[in-house]
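*Asks:* My structure file my_file_12.txt, compact mmCIF, C-alpha atoms, is below:
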```
# COMPACT_ATOMS: atom_id res chain seq x y z
CA GLY S 1 138.88 -68.24 -29.77
CA ALA S 2 140.05 -67.42 -33.28
CA GLY S 3 141.03 -63.92 -32.25
CA ASP S 4 143.43 -65.26 -29.62
CA VAL S 5 145.64 -67.30 -31.97
CA CYS S 6 149.19 -65.91 -31.81
CA VAL S 7 151.48 -65.28 -34.77
CA GLY S 8 153.94 -68.15 -35.29
CA GLY S 9 157.34 -68.35 -36.95
CA ALA S 10 158.37 -68.97 -40.52
CA ILE S 11 158.13 -72.78 -40.37
CA ALA S 12 154.63 -72.73 -38.90
CA ALA S 13 153.43 -70.36 -41.63
CA MET S 14 155.05 -72.29 -44.50
CA ASN S 15 151.93 -74.04 -45.84
CA VAL S 16 149.97 -70.80 -45.89
CA ARG S 17 152.91 -69.16 -47.66
CA LEU S 18 152.96 -71.89 -50.31
CA CYS S 19 149.24 -71.57 -50.83
CA LEU S 20 149.54 -67.83 -51.37
CA LEU S 21 152.37 -68.34 -53.85
CA CYS S 22 150.45 -70.96 -55.82
CA LEU S 23 147.32 -68.82 -55.95
CA ALA S 24 149.37 -65.87 -57.13
CA ALA S 25 151.05 -67.86 -59.88
CA GLY S 26 148.27 -70.11 -61.04
CA CYS S 27 144.84 -68.52 -61.20
CA ALA S 28 143.83 -68.98 -64.82
CA GLY S 29 142.83 -65.77 -66.50
CA ALA S 30 143.68 -63.61 -63.48
CA PRO S 31 145.79 -60.48 -64.06
CA ASP S 32 149.26 -60.27 -62.59
CA ARG S 33 148.89 -59.74 -58.84
CA SER S 34 151.41 -56.88 -58.84
CA ALA S 35 149.10 -54.92 -61.14
CA LEU S 36 145.89 -55.57 -59.21
CA ARG S 37 144.21 -52.66 -57.50
CA GLU S 38 141.45 -52.68 -54.93
CA SER S 39 139.06 -51.39 -57.60
CA ASP S 40 139.72 -54.32 -59.98
CA TYR S 41 137.23 -56.49 -58.10
CA PRO S 42 133.89 -54.66 -58.28
CA GLY S 43 131.52 -54.83 -55.38
CA THR S 44 130.79 -53.08 -52.12
CA LEU S 45 131.89 -54.41 -48.75
CA ARG S 46 128.99 -54.58 -46.34
CA PRO S 47 129.45 -53.25 -42.80
CA PRO S 48 130.43 -56.08 -40.42
CA ARG S 49 127.19 -55.70 -38.47
CA ALA S 50 125.16 -56.66 -41.56
CA LEU S 51 125.69 -60.25 -40.39
CA PRO S 52 123.02 -60.28 -37.66
CA PHE S 53 124.79 -62.61 -35.21
CA ASP S 54 128.26 -62.95 -33.69
CA VAL S 55 130.11 -66.12 -34.63
CA VAL S 56 133.42 -67.91 -35.18
CA TRP S 57 133.60 -70.37 -38.08
CA GLN S 58 136.57 -72.74 -38.29
CA GLN S 59 137.08 -73.78 -41.88
CA ARG S 60 139.12 -75.62 -44.48
CA VAL S 61 139.50 -73.65 -47.71
CA THR S 62 140.47 -75.38 -50.95
CA ALA S 63 141.29 -73.18 -53.94
CA SER S 64 141.15 -74.60 -57.50
CA TRP S 65 142.22 -73.00 -60.76
CA GLY S 66 143.57 -73.77 -64.20
CA ASP S 67 143.85 -77.38 -65.32
CA GLY S 68 143.07 -79.17 -62.07
CA GLN S 69 145.49 -77.25 -59.85
CA GLN S 70 144.47 -77.15 -56.21
CA ARG S 71 145.75 -75.95 -52.83
CA GLY S 72 144.18 -75.85 -49.37
CA PHE S 73 144.66 -74.15 -46.02
CA ASP S 74 142.86 -73.72 -42.71
CA ALA S 75 141.05 -70.50 -41.92
CA ALA S 76 138.86 -68.87 -39.33
CA VAL S 77 136.20 -66.20 -39.78
CA GLN S 78 135.03 -64.20 -36.80
CA LYS S 79 132.31 -61.59 -36.74
CA ARG S 80 131.91 -59.85 -33.39
CA ASP S 81 129.90 -56.65 -32.92
CA ASP S 82 131.14 -54.21 -35.57
CA THR S 83 134.30 -56.11 -36.53
CA LEU S 84 134.93 -58.83 -39.13
CA THR S 85 138.18 -60.83 -38.93
CA VAL S 86 139.55 -63.39 -41.41
CA LEU S 87 142.58 -65.50 -40.48
CA GLY S 88 144.69 -67.80 -42.63
CA LEU S 89 146.13 -70.49 -40.35
CA SER S 90 149.14 -72.78 -40.56
CA PRO S 91 148.87 -76.52 -39.71
CA MET S 92 150.22 -75.67 -36.25
CA GLY S 93 147.40 -73.20 -35.67
CA SER S 94 149.41 -70.00 -35.88
CA VAL S 95 148.30 -67.06 -38.01
CA GLY S 96 149.79 -66.77 -41.49
CA PHE S 97 147.77 -63.66 -42.30
CA SER S 98 144.93 -61.68 -40.78
CA ILE S 99 142.49 -59.19 -42.24
CA VAL S 100 140.40 -57.11 -39.86
CA MET S 101 137.52 -54.88 -40.93
CA PRO S 102 136.71 -52.59 -37.97
CA PRO S 103 133.68 -50.27 -37.68
CA THR S 104 135.56 -47.52 -39.55
CA GLY S 105 135.88 -49.80 -42.61
CA ALA S 106 139.66 -49.15 -42.90
CA LEU S 107 141.15 -52.64 -43.28
CA GLU S 108 143.93 -53.74 -40.91
CA VAL S 109 146.20 -56.37 -42.46
CA SER S 110 148.98 -58.49 -40.94
CA ASN S 111 150.97 -60.94 -43.07
CA ALA S 112 153.52 -63.27 -41.40
CA THR S 113 154.04 -65.53 -44.45
CA GLY S 114 156.99 -63.59 -45.81
CA GLU S 115 155.30 -63.29 -49.21
CA ALA S 116 152.94 -60.79 -50.76
CA MET S 117 149.29 -61.82 -50.68
CA PRO S 118 147.98 -62.97 -54.10
CA PHE S 119 145.09 -60.51 -54.08
CA PRO S 120 144.38 -57.28 -52.22
CA PRO S 121 142.76 -58.02 -48.84
CA ARG S 122 139.51 -56.42 -49.97
CA PHE S 123 139.16 -59.22 -52.56
CA ILE S 124 139.25 -61.85 -49.80
CA LEU S 125 136.69 -60.06 -47.64
CA LEU S 126 134.39 -59.63 -50.64
CA ASP S 127 134.41 -63.39 -51.26
CA VAL S 128 133.70 -64.05 -47.57
CA GLN S 129 130.78 -61.64 -47.58
CA ARG S 130 129.40 -62.83 -50.92
CA ALA S 131 129.31 -66.35 -49.51
CA PHE S 132 128.29 -65.87 -45.86
CA TYR S 133 126.57 -62.50 -45.47
CA PRO S 134 122.89 -61.83 -46.19
CA TRP S 135 122.23 -59.80 -49.34
CA LEU S 136 118.50 -60.09 -50.01
CA GLU S 137 115.52 -60.62 -47.75
CA PRO S 138 115.01 -64.39 -47.21
CA VAL S 139 111.96 -66.22 -48.49
CA GLU S 140 109.73 -68.37 -46.33
CA ALA S 141 110.16 -71.82 -47.86
CA ALA S 142 110.97 -72.12 -51.55
CA GLY S 143 111.47 -69.93 -54.54
CA ASP S 144 113.80 -67.56 -56.32
CA ARG S 145 114.65 -64.05 -55.29
CA THR S 146 116.21 -61.28 -57.39
CA GLY S 147 117.47 -57.90 -56.31
CA GLU S 148 119.88 -55.11 -57.18
CA VAL S 149 122.66 -54.10 -54.78
CA ASP S 150 125.18 -51.43 -55.73
CA GLY S 151 125.14 -52.16 -59.47
CA GLU S 152 125.02 -55.95 -59.13
CA THR S 153 122.10 -58.24 -59.90
CA ILE S 154 121.78 -60.94 -57.25
CA VAL S 155 119.66 -64.07 -57.73
CA GLU S 156 119.02 -66.37 -54.79
CA ILE S 157 117.41 -69.82 -54.85
CA TRP S 158 115.85 -71.01 -51.60
CA ARG S 159 114.45 -74.43 -50.77
CA ASP S 160 112.81 -75.44 -47.48
CA GLY S 161 113.93 -72.24 -45.81
CA ARG S 162 117.59 -72.70 -46.78
CA LEU S 163 119.65 -70.75 -49.29
CA ARG S 164 120.85 -73.16 -51.98
CA ARG S 165 122.45 -70.89 -54.60
CA ARG S 166 123.40 -67.25 -55.00
CA VAL S 167 124.55 -65.67 -58.29
CA PHE S 168 126.12 -62.23 -58.80
CA THR S 169 126.24 -60.57 -62.24
CA ARG S 170 127.10 -57.10 -63.50
CA ALA S 171 126.23 -55.26 -66.70
CA ASP S 172 129.82 -54.04 -67.03
CA ARG S 173 131.52 -57.45 -66.64
CA ALA S 174 131.18 -60.77 -68.46
CA GLY S 175 130.55 -63.95 -66.49
CA GLN S 176 129.22 -64.43 -63.00
CA ILE S 177 130.06 -65.36 -59.44
CA ARG S 178 128.07 -68.41 -58.33
CA VAL S 179 127.88 -69.63 -54.75
CA ASP S 180 126.35 -73.05 -53.94
CA TYR S 181 125.41 -74.14 -50.42
CA GLU S 182 125.04 -77.37 -48.47
CA TRP S 183 123.56 -77.47 -44.96
CA GLY S 184 124.62 -80.38 -42.79
CA GLU S 185 124.00 -79.17 -39.23
CA ALA S 186 120.40 -78.41 -38.29
CA GLY S 187 121.33 -76.13 -35.40
CA TRP S 188 123.93 -74.03 -37.23
CA ARG S 189 123.38 -70.52 -38.52
CA GLY S 190 125.84 -71.09 -41.37
CA PRO S 191 126.25 -73.75 -44.09
CA THR S 192 128.63 -76.67 -43.71
CA HIS S 193 129.88 -76.50 -47.31
CA VAL S 194 130.14 -73.59 -49.73
CA ARG S 195 131.51 -73.58 -53.27
CA LEU S 196 132.23 -70.18 -54.78
CA ALA S 197 132.99 -70.15 -58.51
CA ASN S 198 134.44 -66.77 -59.48
CA GLY S 199 134.04 -66.45 -63.23
CA TRP S 200 135.51 -62.95 -63.20
CA PHE S 201 138.95 -64.14 -62.05
CA GLY S 202 138.92 -67.84 -63.00
CA TYR S 203 139.08 -69.66 -59.66
CA GLU S 204 136.90 -71.70 -57.32
CA LEU S 205 136.88 -71.83 -53.53
CA ALA S 206 135.46 -74.80 -51.62
CA VAL S 207 134.88 -73.88 -47.97
CA ASP S 208 134.15 -76.68 -45.49
CA THR S 209 133.11 -75.41 -42.07
CA HIS S 210 133.93 -77.96 -39.39
CA ALA S 211 133.01 -75.89 -36.31
CA GLU S 212 130.61 -73.05 -35.57
CA THR S 213 130.70 -71.15 -32.27
CA LEU S 214 128.04 -68.54 -31.64
CA LEU S 215 129.34 -65.71 -29.48
CA PRO S 216 127.27 -63.98 -26.81
CA ALA S 217 126.04 -60.53 -27.77
CA ALA S 218 127.97 -57.69 -26.24
CA GLU S 219 126.34 -56.16 -23.19
CA GLY S 220 123.85 -53.49 -24.11
CA THR S 221 123.54 -54.43 -27.78
CA GLY S 222 120.23 -56.21 -27.29
CA ARG S 223 121.19 -58.83 -29.86
```
As structure tokens - that is how I would like this structure written.
*Replies:*
Amino acid sequence: GAGDVCVGGAIAAMNVRLCLLCLAAGCAGAPDRSALRESDYPGTLRPPRALPFDVVWQQRVTASWGDGQQRGFDAAVQKRDDTLTVLGLSPMGSVGFSIVMPPTGALEVSNATGEAMPFPPRFILLDVQRAFYPWLEPVEAAGDRTGEVDGETIVEIWRDGRLRRRVFTRADRAGQIRVDYEWGEAGWRGPTHVRLANGWFGYELAVDTHAETLLPAAEGTGR
């Protein structure tokens, strides 16, 4: 499973390291990473259990910014019981970095790349949750849905029982975060392709999920 991948050496983590460096240097309009604080990215992290099923998603993440600059890396997202884990993986499958959100909400971070991460770990988890977690009650078949969550207006567009677009805006910040969805596997709980355009920090993330593994509910949870 994703949680069993061991930490590799410097060579195995090199591509993840390069990706972090390029993101840190290149995101158009983003403030200097050394000056970023957790509070610079508004939003509230949802408790891990807000995702109502346990799962491992194996993914390819491609980040784009500036004038056509682009970098990609492999990743894995695991939600199990009350814990959310995000891993950045090297081509050899070892862990470049890991971010764990346990039930207490105090993030546990490990970084084997040898370089500082381009954004605080909370930023990365927020993007994961904005893209893959539920935020508003789903609609039956088609239509738009609008709601307010912790100072953010969220608009969702649903078609044929599938979420197609989600947009986050705030009264205290110009621009928006837009997430577009494609669904290629009828039996999956998650989308096969997500594109997150973060207008607040000037980057886009394309996330292609190539494997979904649903995990059995822990004994006694009833889920």
*Asks:* Ranking S:Phe123, S:Trp158, S:Trp200, S:Trp188 by minimum distance to Asp172 in chain S and counting only C-alpha atoms, which one comes first?
*Replies:* S:Trp200
*Asks:* Rank nothing, just name the residue among S:Pro120, S:Glu182, S:Gln59, S:Ala106 nearest to Ser39 in chain S, using only C-alpha atoms.
*Replies:*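 Among the listed residues, the smallest separation from Ser39 in chain S belongs to S:Pro120.
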*Asks:* Between S:Met117, S:Ala63, S:Ala76, S:Val155, which residue has the minimum interatomic distance to Leu136 in chain S, considering only C-alpha atoms?
*Replies:*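 For Leu136 in chain S, the nearest of the given residues is S:Val155.
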*Asks:* Figure out the distance between CA of Arg162 in chain S and CA of Tyr41 in chain S, please, to one decimal in Å.
*Replies:* 27.9 Å
*Asks:* Kindly indicate which residue among S:Gly88, S:Thr113, S:Gly161, S:Tyr203 lies nearest to Gly66 in chain S, using all atoms listed in the file for the distances.
*Replies:*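 Smallest distance to Gly66 in chain S is found for S:Tyr203.
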*Asks:* Quick one, how far is CA of Arg71 in chain S from CA of Asp208 in chain S?
*Replies:*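 Interatomic distance, CA of Arg71 in chain S to CA of Asp208 in chain S: 13.7 Å.
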